[in-house]
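For reference, my_file-v6.cif is printed below; it contains mmCIF, C-alpha atoms.
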data_work
loop_
_atom_site.label_atom_id
_atom_site.label_comp_id
_atom_site.auth_asym_id
_atom_site.auth_seq_id
_atom_site.Cartn_x
_atom_site.Cartn_y
_atom_site.Cartn_z
CA MET A 1 -69.15 115.26 -89.38
CA SER A 2 -71.62 113.09 -91.20
CA SER A 3 -75.00 112.37 -89.67
CA LEU A 4 -77.29 109.38 -89.91
CA ARG A 5 -80.84 108.97 -91.05
CA GLN A 6 -83.18 106.02 -90.76
CA SER A 7 -85.57 104.88 -93.46
CA PRO A 8 -89.06 106.26 -92.72
CA ASP A 9 -91.28 103.67 -91.11
CA ASP A 10 -94.55 105.49 -90.45
CA ALA A 11 -97.77 105.03 -92.37
CA ALA A 12 -97.00 107.95 -94.69
CA ALA A 13 -94.05 105.99 -96.09
CA TYR A 14 -96.39 103.57 -97.86
CA GLY A 15 -98.75 104.14 -100.75
CA ALA A 16 -102.40 103.16 -101.05
CA GLU A 17 -101.41 99.66 -102.16
CA GLY A 18 -98.94 99.21 -99.33
CA LEU A 19 -95.91 99.92 -101.53
CA PRO A 20 -92.98 101.79 -99.96
CA THR A 21 -92.97 105.38 -101.15
CA VAL A 22 -90.14 106.72 -103.29
CA ALA A 23 -89.67 110.26 -104.56
CA ALA A 24 -89.15 110.68 -108.32
CA LEU A 25 -87.05 113.80 -108.83
CA PHE A 26 -86.66 115.95 -111.95
CA VAL A 27 -89.39 114.13 -113.86
CA ALA A 28 -91.63 115.34 -116.68
CA LYS A 29 -94.90 116.91 -115.61
CA GLY A 30 -97.69 114.39 -116.11
CA GLY A 31 -95.16 111.76 -117.23
CA CYS A 32 -94.71 108.11 -116.40
CA TYR A 33 -94.02 108.70 -112.69
CA PHE A 34 -97.37 110.35 -112.08
CA ASP A 35 -100.49 108.56 -110.80
CA LEU A 36 -98.51 105.66 -109.35
CA SER A 37 -99.13 104.27 -105.89
CA GLY A 38 -96.13 104.81 -103.66
CA VAL A 39 -94.45 107.39 -105.92
CA ASP A 40 -94.10 111.08 -105.05
CA PRO A 41 -93.23 112.88 -108.32
CA TRP A 42 -91.31 116.14 -108.35
CA ASP A 43 -91.63 117.99 -111.66
CA ILE A 44 -90.34 121.42 -112.63
CA ASP A 45 -93.10 123.20 -110.70
CA ARG A 46 -92.10 121.57 -107.40
CA ASP A 47 -88.36 122.20 -108.00
CA ALA A 48 -86.65 118.93 -107.04
CA ARG A 49 -83.55 120.85 -105.94
CA LEU A 50 -85.53 121.60 -102.78
CA TYR A 51 -86.28 117.97 -101.94
CA ALA A 52 -85.63 117.36 -98.23
CA GLY A 53 -86.76 113.76 -97.78
CA PRO A 54 -87.78 111.55 -96.21
CA TYR A 55 -88.18 108.97 -98.98
CA PRO A 56 -85.56 107.16 -101.09
CA VAL A 57 -85.28 108.69 -104.54
CA VAL A 58 -85.17 107.96 -108.24
CA ALA A 59 -83.46 110.97 -109.80
CA HIS A 60 -83.44 112.06 -113.45
CA PRO A 61 -81.54 115.38 -113.35
CA PRO A 62 -81.41 117.28 -116.67
CA CYS A 63 -78.61 116.05 -118.91
CA GLN A 64 -78.45 118.67 -121.66
CA ARG A 65 -75.44 120.53 -120.24
CA TRP A 66 -73.58 117.35 -119.29
CA GLY A 67 -73.96 115.26 -122.44
CA ARG A 68 -72.08 114.95 -125.70
CA PHE A 69 -73.53 118.19 -127.04
CA TRP A 70 -73.38 120.17 -123.79
CA HIS A 71 -72.11 123.18 -125.77
CA GLY A 72 -75.21 123.33 -127.96
CA SER A 73 -75.82 122.66 -131.63
CA THR A 74 -72.82 121.79 -133.79
CA ARG A 75 -73.98 124.61 -136.05
CA LYS A 76 -73.63 127.08 -133.15
CA PRO A 77 -70.95 125.59 -130.90
CA HIS A 78 -70.18 126.85 -127.40
CA GLN A 79 -73.51 128.48 -126.80
CA TYR A 80 -73.56 127.03 -123.30
CA GLU A 81 -71.23 126.31 -120.40
CA LEU A 82 -70.41 122.75 -119.39
CA GLY A 83 -72.48 121.73 -116.37
CA ALA A 84 -74.66 124.86 -116.35
CA ASP A 85 -77.76 123.10 -115.03
CA ASN A 86 -78.57 125.45 -112.13
CA GLY A 87 -77.36 122.92 -109.59
CA CYS A 88 -79.75 120.13 -110.57
CA PHE A 89 -77.23 117.28 -110.79
CA ALA A 90 -75.52 118.34 -107.56
CA ALA A 91 -78.88 118.39 -105.77
CA ALA A 92 -79.82 114.98 -107.19
CA LEU A 93 -76.52 113.49 -106.06
CA VAL A 94 -76.96 114.86 -102.55
CA ALA A 95 -80.52 113.49 -102.39
CA VAL A 96 -79.45 110.00 -103.45
CA ARG A 97 -76.61 109.96 -100.93
CA GLN A 98 -78.77 111.34 -98.15
CA TRP A 99 -81.95 109.32 -98.61
CA GLY A 100 -80.78 106.33 -100.62
CA GLY A 101 -81.82 105.52 -104.17
CA VAL A 102 -80.62 105.72 -107.75
CA LEU A 103 -79.70 108.47 -110.22
CA GLU A 104 -79.87 108.12 -114.02
CA HIS A 105 -77.88 109.98 -116.68
CA PRO A 106 -76.72 109.26 -120.25
CA GLU A 107 -73.62 107.20 -120.88
CA GLY A 108 -70.55 109.40 -121.01
CA SER A 109 -72.08 112.12 -118.83
CA HIS A 110 -69.44 114.70 -117.95
CA ALA A 111 -71.08 114.97 -114.52
CA TRP A 112 -69.34 111.76 -113.44
CA ARG A 113 -65.88 113.24 -113.89
CA HIS A 114 -66.91 116.63 -112.53
CA PHE A 115 -68.22 115.11 -109.29
CA GLY A 116 -65.36 112.65 -108.90
CA LEU A 117 -67.31 109.51 -109.83
CA ASN A 118 -65.69 106.54 -111.53
CA ALA A 119 -66.95 105.74 -115.03
CA PRO A 120 -68.54 102.26 -115.23
CA PRO A 121 -67.52 99.66 -117.82
CA ARG A 122 -69.55 99.67 -121.05
CA ASN A 123 -70.35 95.94 -120.84
CA GLY A 124 -72.20 96.31 -117.53
CA GLY A 125 -71.78 95.26 -113.93
CA TRP A 126 -71.73 97.37 -110.78
CA VAL A 127 -68.43 98.98 -109.74
CA LYS A 128 -67.51 101.37 -106.94
CA ALA A 129 -68.33 104.93 -107.94
CA ASP A 130 -66.60 106.78 -105.12
CA GLY A 131 -65.16 106.44 -101.65
CA LEU A 132 -68.49 107.19 -99.96
CA GLY A 133 -70.34 103.95 -100.62
CA GLY A 134 -71.81 104.75 -104.03
CA TRP A 135 -71.95 102.29 -106.93
CA THR A 136 -72.31 102.82 -110.67
CA CYS A 137 -73.07 100.80 -113.78
CA CYS A 138 -73.85 101.13 -117.49
CA VAL A 139 -77.04 99.61 -118.89
CA GLU A 140 -78.90 100.06 -122.17
CA GLN A 141 -82.52 101.11 -121.99
CA GLY A 142 -83.00 99.36 -125.31
CA HIS A 143 -83.10 96.13 -123.28
CA TYR A 144 -86.15 97.57 -121.53
CA GLY A 145 -88.23 98.68 -124.49
CA HIS A 146 -86.66 101.93 -125.72
CA LEU A 147 -86.56 102.44 -129.48
CA ALA A 148 -82.82 103.17 -129.37
CA ARG A 149 -80.08 101.41 -127.41
CA LYS A 150 -79.85 104.47 -125.14
CA ALA A 151 -76.85 103.50 -123.01
CA THR A 152 -77.33 104.88 -119.52
CA TRP A 153 -75.19 105.36 -116.43
CA LEU A 154 -76.67 104.76 -112.99
CA TYR A 155 -75.40 105.90 -109.60
CA ALA A 156 -76.82 104.00 -106.61
CA TYR A 157 -76.42 104.53 -102.89
CA GLY A 158 -77.81 102.69 -99.87
CA VAL A 159 -79.77 100.14 -101.94
CA ASP A 160 -79.54 96.61 -103.28
CA LEU A 161 -77.57 96.24 -106.50
CA PRO A 162 -79.57 93.98 -108.82
CA SER A 163 -78.35 92.11 -111.86
CA LEU A 164 -79.61 94.02 -114.90
CA ARG A 165 -79.65 93.15 -118.60
CA TRP A 166 -76.02 93.86 -119.24
CA GLY A 167 -74.11 94.28 -122.48
CA GLN A 168 -74.70 95.92 -125.81
CA GLY A 169 -77.90 95.14 -127.64
CA GLU A 170 -78.20 94.27 -131.27
CA GLN A 171 -77.43 97.02 -133.74
CA ARG A 172 -80.54 98.98 -134.68
CA ILE A 173 -80.75 100.68 -138.06
CA HIS A 174 -83.86 102.43 -139.28
CA PRO A 175 -84.95 100.87 -142.61
CA VAL A 176 -85.86 104.25 -144.10
CA ALA A 177 -82.43 105.67 -143.23
CA LEU A 178 -80.76 102.57 -144.68
CA ALA A 179 -82.65 102.92 -147.96
CA ARG A 180 -82.15 106.67 -148.16
CA HIS A 181 -78.58 107.11 -146.95
CA GLY A 182 -76.87 103.72 -147.05
CA TYR A 183 -75.46 101.61 -144.25
CA ALA A 184 -72.60 103.85 -143.07
CA LYS A 185 -74.71 106.96 -142.50
CA ALA A 186 -77.73 105.04 -141.21
CA ARG A 187 -75.51 103.39 -138.62
CA ARG A 188 -73.95 106.72 -137.62
CA ILE A 189 -77.15 108.73 -137.20
CA GLY A 190 -78.97 105.99 -135.29
CA MET A 191 -82.64 105.21 -134.84
CA MET A 192 -83.78 108.44 -133.25
CA ALA A 193 -82.62 110.57 -136.18
CA MET A 194 -85.53 109.20 -138.17
CA VAL A 195 -88.13 110.04 -135.54
CA GLY A 196 -89.66 113.32 -136.59
CA GLY A 197 -92.34 115.64 -135.34
CA LYS A 198 -92.62 117.98 -132.38
CA ASN A 199 -92.34 115.11 -129.87
CA LYS A 200 -88.96 113.86 -131.09
CA THR A 201 -87.07 115.09 -128.04
CA ILE A 202 -89.71 113.74 -125.66
CA ILE A 203 -89.54 110.31 -127.29
CA ARG A 204 -85.74 110.26 -127.18
CA GLU A 205 -85.50 111.31 -123.54
CA ALA A 206 -88.45 109.30 -122.25
CA THR A 207 -87.93 106.53 -119.70
CA THR A 208 -89.77 103.35 -120.68
CA LEU A 209 -92.30 101.93 -118.23
CA GLU A 210 -90.23 98.78 -117.73
CA PHE A 211 -87.05 100.70 -116.96
CA ARG A 212 -88.97 103.08 -114.71
CA ASP A 213 -90.18 100.10 -112.70
CA VAL A 214 -86.62 98.78 -112.42
CA LEU A 215 -85.41 102.09 -111.00
CA ILE A 216 -88.32 102.31 -108.56
CA SER A 217 -87.68 98.76 -107.37
CA ILE A 218 -84.01 99.60 -106.74
CA ALA A 219 -84.91 102.68 -104.68
CA ARG A 220 -87.43 100.72 -102.62
CA THR A 221 -84.73 98.35 -101.40
CA ALA A 222 -83.51 101.21 -99.19
CA TYR A 223 -86.45 100.23 -96.97
CA LYS A 224 -85.69 96.53 -97.13
CA LEU A 225 -82.11 97.04 -95.99
CA GLY A 226 -83.47 98.87 -92.97
CA ARG A 227 -80.13 100.36 -91.99
CA ALA A 228 -78.93 103.87 -91.26
CA ILE A 229 -77.29 105.63 -94.16
CA ALA A 230 -74.36 107.94 -93.62
CA ILE A 231 -74.87 111.41 -95.03
CA PRO A 232 -71.60 112.62 -96.55
CA THR A 233 -70.43 116.06 -95.54
CA PRO A 234 -68.80 118.53 -97.95
CA CYS A 235 -65.46 117.47 -96.47
CA ASP A 236 -66.22 113.83 -97.27
CA VAL A 237 -66.95 114.75 -100.85
CA ALA A 238 -63.88 116.99 -101.08
CA LYS A 239 -61.65 114.15 -99.96
CA THR A 240 -62.95 111.81 -102.66
CA GLU A 241 -62.34 114.53 -105.27
CA GLY A 242 -58.77 115.13 -104.09
CA ARG A 243 -59.50 118.58 -102.69
CA ALA A 244 -58.28 119.90 -99.36
CA CYS A 245 -60.64 120.09 -96.42
CA ILE A 246 -59.86 120.89 -92.80
CA SER A 247 -60.76 118.37 -90.08
CA VAL A 248 -62.28 115.73 -92.30
CA LEU A 249 -64.12 113.17 -90.17
CA ARG A 250 -65.01 110.04 -92.08
CA PRO A 251 -68.45 108.52 -91.43
CA SER A 252 -68.84 104.98 -90.30
CA PRO A 253 -69.40 102.65 -93.27
CA PRO A 254 -73.13 102.67 -94.02
CA PHE A 255 -73.19 98.91 -94.35
CA SER A 256 -70.67 96.11 -93.92
CA SER A 257 -67.07 97.20 -93.57
CA VAL A 258 -66.25 94.75 -96.34
CA SER A 259 -68.05 95.76 -99.50
CA PRO A 260 -68.33 93.41 -102.46
CA SER A 261 -66.22 94.07 -105.52
CA ILE A 262 -68.71 93.95 -108.36
CA ASN A 263 -66.72 94.23 -111.55
CA SER A 264 -68.59 91.94 -113.91
CA PRO A 265 -72.17 91.01 -114.81
CA GLU A 266 -71.66 87.61 -113.22
CA GLU A 267 -70.75 89.15 -109.86
CA SER A 268 -73.48 91.77 -109.97
CA THR A 269 -76.07 89.68 -108.15
CA ARG A 270 -74.15 90.10 -104.91
CA ARG A 271 -75.76 92.66 -102.64
CA HIS A 272 -74.16 95.76 -101.26
CA GLY A 273 -72.89 94.79 -97.81
CA GLY A 274 -73.77 91.07 -97.92
CA THR A 275 -74.66 88.06 -100.02
#
Structure translated into structure tokens:
Amino acid sequence: MSSLRQSPDDAAAYGAEGLPTVAALFVAKGGCYFDLSGVDPWDIDRDARLYAGPYPVVAHPPCQRWGRFWHGSTRKPHQYELGADNGCFAAALVAVRQWGGVLEHPEGSHAWRHFGLNAPPRNGGWVKADGLGGWTCCVEQGHYGHLARKATWLYAYGVDLPSLRWGQGEQRIHPVALARHGYAKARRIGMMAMVGGKNKTIIREATTLEFRDVLISIARTAYKLGRAIAIPTPCDVAKTEGRACISVLRPSPPFSSVSPSINSPEESTRRHGGT
């Protein structure tokens, strides 16, 4: 049976500036989530798989084994196993469902299918992700300052669903690539192919400060809603994935029994469980 938790309301739940605390899981050590009031960062040394609350979360589980090149380099295919991330995505998903918050992964992440989540439409807007009260959308980080378009999928649970900058951004072609390789190849390889140096991967995977702030603000609405959130049991999850489970007891809906259907950018301003 599912259990319920309440958003923390003691003094420890607020930072030095009075901002509600959120936990940032699976983030880079010393990165953009560090040294922020009201943010509790969990890097590799703290092992975010062990997070046990009590704050809402922003989760960035590793994507290497879930993305387009999960198998490894095209020069050495099938070096790795699909989803072999040592349980990071599964732990992030549990944390978001248990404590409220938002999870970020690249567009097309195989984790969505593996965990029984619906893929969101490419043009944006929040849609139901599962039968447990989760919501998902696609948004480009290029709208928030990233060098590339960087289409991203979000999974949100127990929070407000804000209207984001939906849709595909303008095509971005690196001028050096255009001059060197021509339009067709420059378009295919994208902007990041022309970013060299030892920090190339860090630059590509980095979350911009503006997008970071958007994710933090989403997670903090778990406090504003001020309602109990149902914690799905393994049987709840099994049912949504079409697997058998004995004595499945469904939790009470975490919010209103009538959830909004958010299928387009225009409808996305409606809140989860109310107007």
Open item on the list: Using Å and a single decimal, report how far CA of Ser109 (chain A) sits from CA of Leu82 (chain A).
Closed with: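 Going from CA of Leu82 (chain A) over to CA of Ser109 (chain A), I get 10.8 Å.
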Open item on the list: Quick check, in Å to one decimal: how far apart do CA of Arg65 (chain A) and CA of Thr208 (chain A) lie?
Closed with: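 Atom-to-atom, CA of Arg65 (chain A) to CA of Thr208 (chain A), that is 22.4 Å.
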Open item on the list: Taking 6 positions as the minimum chain separation for residues in the same chain, which residues sit within 9 Å of Arg122 (chain A) when counting all atoms listed in the file? Answer as a list in words.
Closed with: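 Here the answer would be Glu107, Cys137, Cys138, Val139, Ala151, Trp166, Gly167 and Gln168 of chain A.
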Task: Which residue of A:Leu103, A:Ala90, A:Ala95, A:Leu147 approaches Gly116 (chain A) most closely, using all atoms listed in the file - done: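 Using all atoms listed in the file, the shortest distance to Gly116 (chain A) belongs to A:Ala90.
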Task: Selection near Leu50 (chain A), 12 Å with all atoms listed in the file, sequence-local residues under 4 positions removed, as a PyMOL selection string - done: chain A and resi 25-26+42-46+87-88+90-92+94-95
Export of the given selection (C-alpha atoms) as a short mmCIF file (atom, residue, chain, number, x, y, z; two decimals), keeping the file's coordinate frame:
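File written: result-v5.cif
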data_model
loop_
_atom_site.label_atom_id
_atom_site.label_comp_id
_atom_site.auth_asym_id
_atom_site.auth_seq_id
_atom_site.Cartn_x
_atom_site.Cartn_y
_atom_site.Cartn_z
CA LEU A 25 -87.05 113.80 -108.83
CA PHE A 26 -86.66 115.95 -111.95
CA TRP A 42 -91.31 116.14 -108.35
CA ASP A 43 -91.63 117.99 -111.66
CA ILE A 44 -90.34 121.42 -112.63
CA ASP A 45 -93.10 123.20 -110.70
CA ARG A 46 -92.10 121.57 -107.40
CA GLY A 87 -77.36 122.92 -109.59
CA CYS A 88 -79.75 120.13 -110.57
CA ALA A 90 -75.52 118.34 -107.56
CA ALA A 91 -78.88 118.39 -105.77
CA ALA A 92 -79.82 114.98 -107.19
CA VAL A 94 -76.96 114.86 -102.55
CA ALA A 95 -80.52 113.49 -102.39
#
